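Report on the structure given below.
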Amino acid sequence: MAASAATGIQMMTARPCMSSSNNKLFKEGAAISGSNYKVPTWVKLTSSSYRSSMRPSNRSMSSLSMKPSTVVPKAMAESMGKSVSGLPINLKGKKAFIAGVADDNGYGWAIAKSLAAAGAEILVGTWVPALNIFEMSLRRGKFDESRVLPDGSLMEIAKVYPLDAVFDSPEDVPEDVLLKTVKANKRYAGSSKWTVKEVAESVKEDFGSIDILVHSLANGPEVTKPLLETSRNGYLAALSASSYSYVYVIAGVYITGGSSISLTYIASERIIPGYGGGMSSAKAALESDTRVLAFEAGRKHKVRVNAISAGPLRSRAAKAIGFIDMMIDYSIENAPLQKELSAEEVGNTAAFLASPLASAITGAIIYVDNGLNAMGVGVDSPIFEKLDIPKDKH
């Protein structure tokens with residue numbers, strides 16, 4: 001029952017902190033869901049007859065990072081006194097709630113920065129046990145370097161809310177869980193109103209309405225176990241936190257003419273050894289729900305519902321899994337674009353989907369993984385040694 005905020009590879013073993021939800025809370029916004037507590041997407045399979053050894057390469061990572069050129073949205077360009085040409089992404093006057101931010105190097109943080117750069121006001125929901133450390137780091141300036149926006153200013157976070165997306169309302173917290181997990185856990189001390197419904201009510205009371213919701217969460221307490229060894233409780237916990245939590249937000253939140261986005265992972269479509277505990281099933285359910293919700297929420301509230309399937313990221317949460325470096329190395333070797341994915345690239349995609357520029361996009365899974373999802377084989381296999389496949393040399 002632990003959650004994590006979306007970071008590199010959507011799989012962690014902590015309780016999911018989820019986004020707020022309450023009727024008539026979010027208007028004309030964009031919701032984005034995924035996970036630090038377990039999150040984004042990653043890679044397609046290798047050759048049918050060969051699976052890459054995934055040995056870390058000796059190449060210089062500095063030469064592979066290839067940071068994309070900084071994008072300056074219209075809202076920021078105007079604040080810098082610059083004239084703007086081309087298509088604008090301007091979210092000035094919009095309020096964005098990002099659920100699943102517990103540090104400064106995951107997808108949730110990157111999405112928050114891109115939305116802030118476009119002019120949105122930022123609110124975040126942080127898993128209760130990580131709340132004190134996160135707020136202390138903010139106060140002491142430990143995140144200042146990563147808060148810098150393209151215009152040189154620092155991203156401001158209007159408010160940080162304690163959040164535990166495992167529970168929809170206080171009534172949903174079983175007594176045994178309350179005693180064992182909450183009352184006995186010192187990290188919950190001093191925190192209140194952290195269920196989804198309570199957070200939604202708090203946000204409504206503080207800010208009135210929300211325009212953009214970012215759900216960057218998922219949970220798989222048995223993610224390290226093969227599916228054959230996964231318990232019923234572990235399997236259902238993965239689906240509850242990683243899939244149903246998103247449905248609950250969409251159903252419980254009033255969004256008119258907005259956009260809802262979740263973070264998914266390629267394991268929903270392809271076999272990814274090591275991504276177990278029912279998490280692959282949870283992501284498959286999430287993508288199916290994305291299509292169904294695109295129809296239902298679109299017809300009922302004119303809401304667009306999409307998902308971002310992101311590649312592997314060298315985040316703190318992903319590093320805890322143990323093989324994120326190998327996944328990144330595999331991606332660099334086999335993706336059409338041989339470079340390391342940056343969190344900023346996912347953040348900018350989210351800002352686009354949250355903007356009017358994406359007004360006709362719904363029911364879609366948007367891959368942000370350097371094209372790895374398109375590959376059917378691992379081209380680093382010895383089988384392809386005689387083929388003249390272009391490769392970066394470092």
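FYI, nothing fancy with the structure tokens labels: chains A, B, ... in order, residues from 1 per chain, ligands from 1 as they appear.
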Give me the residues near A:Ser153 as a list in words, where near means some atom within 10 Å (using only C-alpha atoms) and where sequence neighbours in that chain fewer than 3 positions away do not count.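 Near neighbours after the sequence-gap exclusion: Met76, Ala117, Asp144, Arg147, Val148, Leu149, Pro150 and Glu156 of chain A.
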Mind dumping the selected residues with C-alpha atoms as a PDB file, in the first residue's frame?
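As a result, selection_27.pdb now contains:
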```pdb
ATOM      1  CA  MET A  76       7.689  33.203 -20.656  1.00  0.00           C
ATOM      2  CA  ALA A 117       7.332  27.917 -17.893  1.00  0.00           C
ATOM      3  CA  ASP A 144      16.857  25.865  -6.409  1.00  0.00           C
ATOM      4  CA  ARG A 147      13.806  25.150 -10.221  1.00  0.00           C
ATOM      5  CA  VAL A 148      15.417  27.488 -12.757  1.00  0.00           C
ATOM      6  CA  LEU A 149      13.122  28.230 -15.699  1.00  0.00           C
ATOM      7  CA  PRO A 150      14.211  29.299 -19.210  1.00  0.00           C
ATOM      8  CA  GLU A 156       7.295  28.751  -7.580  1.00  0.00           C
TER       9      GLU A 156
END
```
Alpha helix (DSSP H) call set, DSSP backbone run, stretch 156-223 of chain A, as a ChimeraX atom specification: /A:175-177,196-207
Spatial neighbours of stretch 296-311 of chain A, max dist 6 Å, only C-alpha atoms, sep filter under 5 positions, as a PyMOL selection string: chain A and resi 40-42+256-265+362-369
I'd like to know which of A:Ala335, A:Leu138, A:Ala96, A:Leu217 is closest to A:Val166, using only C-alpha atoms.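 Of the candidates, the smallest distance to A:Val166 is held by A:Leu217.
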Point out the residue among A:Val214, A:Leu387, A:Met136, A:Ala102 with the least atom-to-atom distance to A:Ala351, counting only C-alpha atoms.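 Answer, going by the shortest atom-to-atom distance: A:Val214.
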Any idea what the distance is between atom CA of A:Ala374 and atom CA of A:Thr290?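 Straight-line distance from atom CA of A:Ala374 to atom CA of A:Thr290 works out to 20.5 Å.
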Could you list, as a ChimeraX atom specification, every residue within 7 Å of A:Thr126, counting only C-alpha atoms and ignoring same-chain residues fewer than 2 positions away? /A:17,99-102,124,128,130-131,160-163
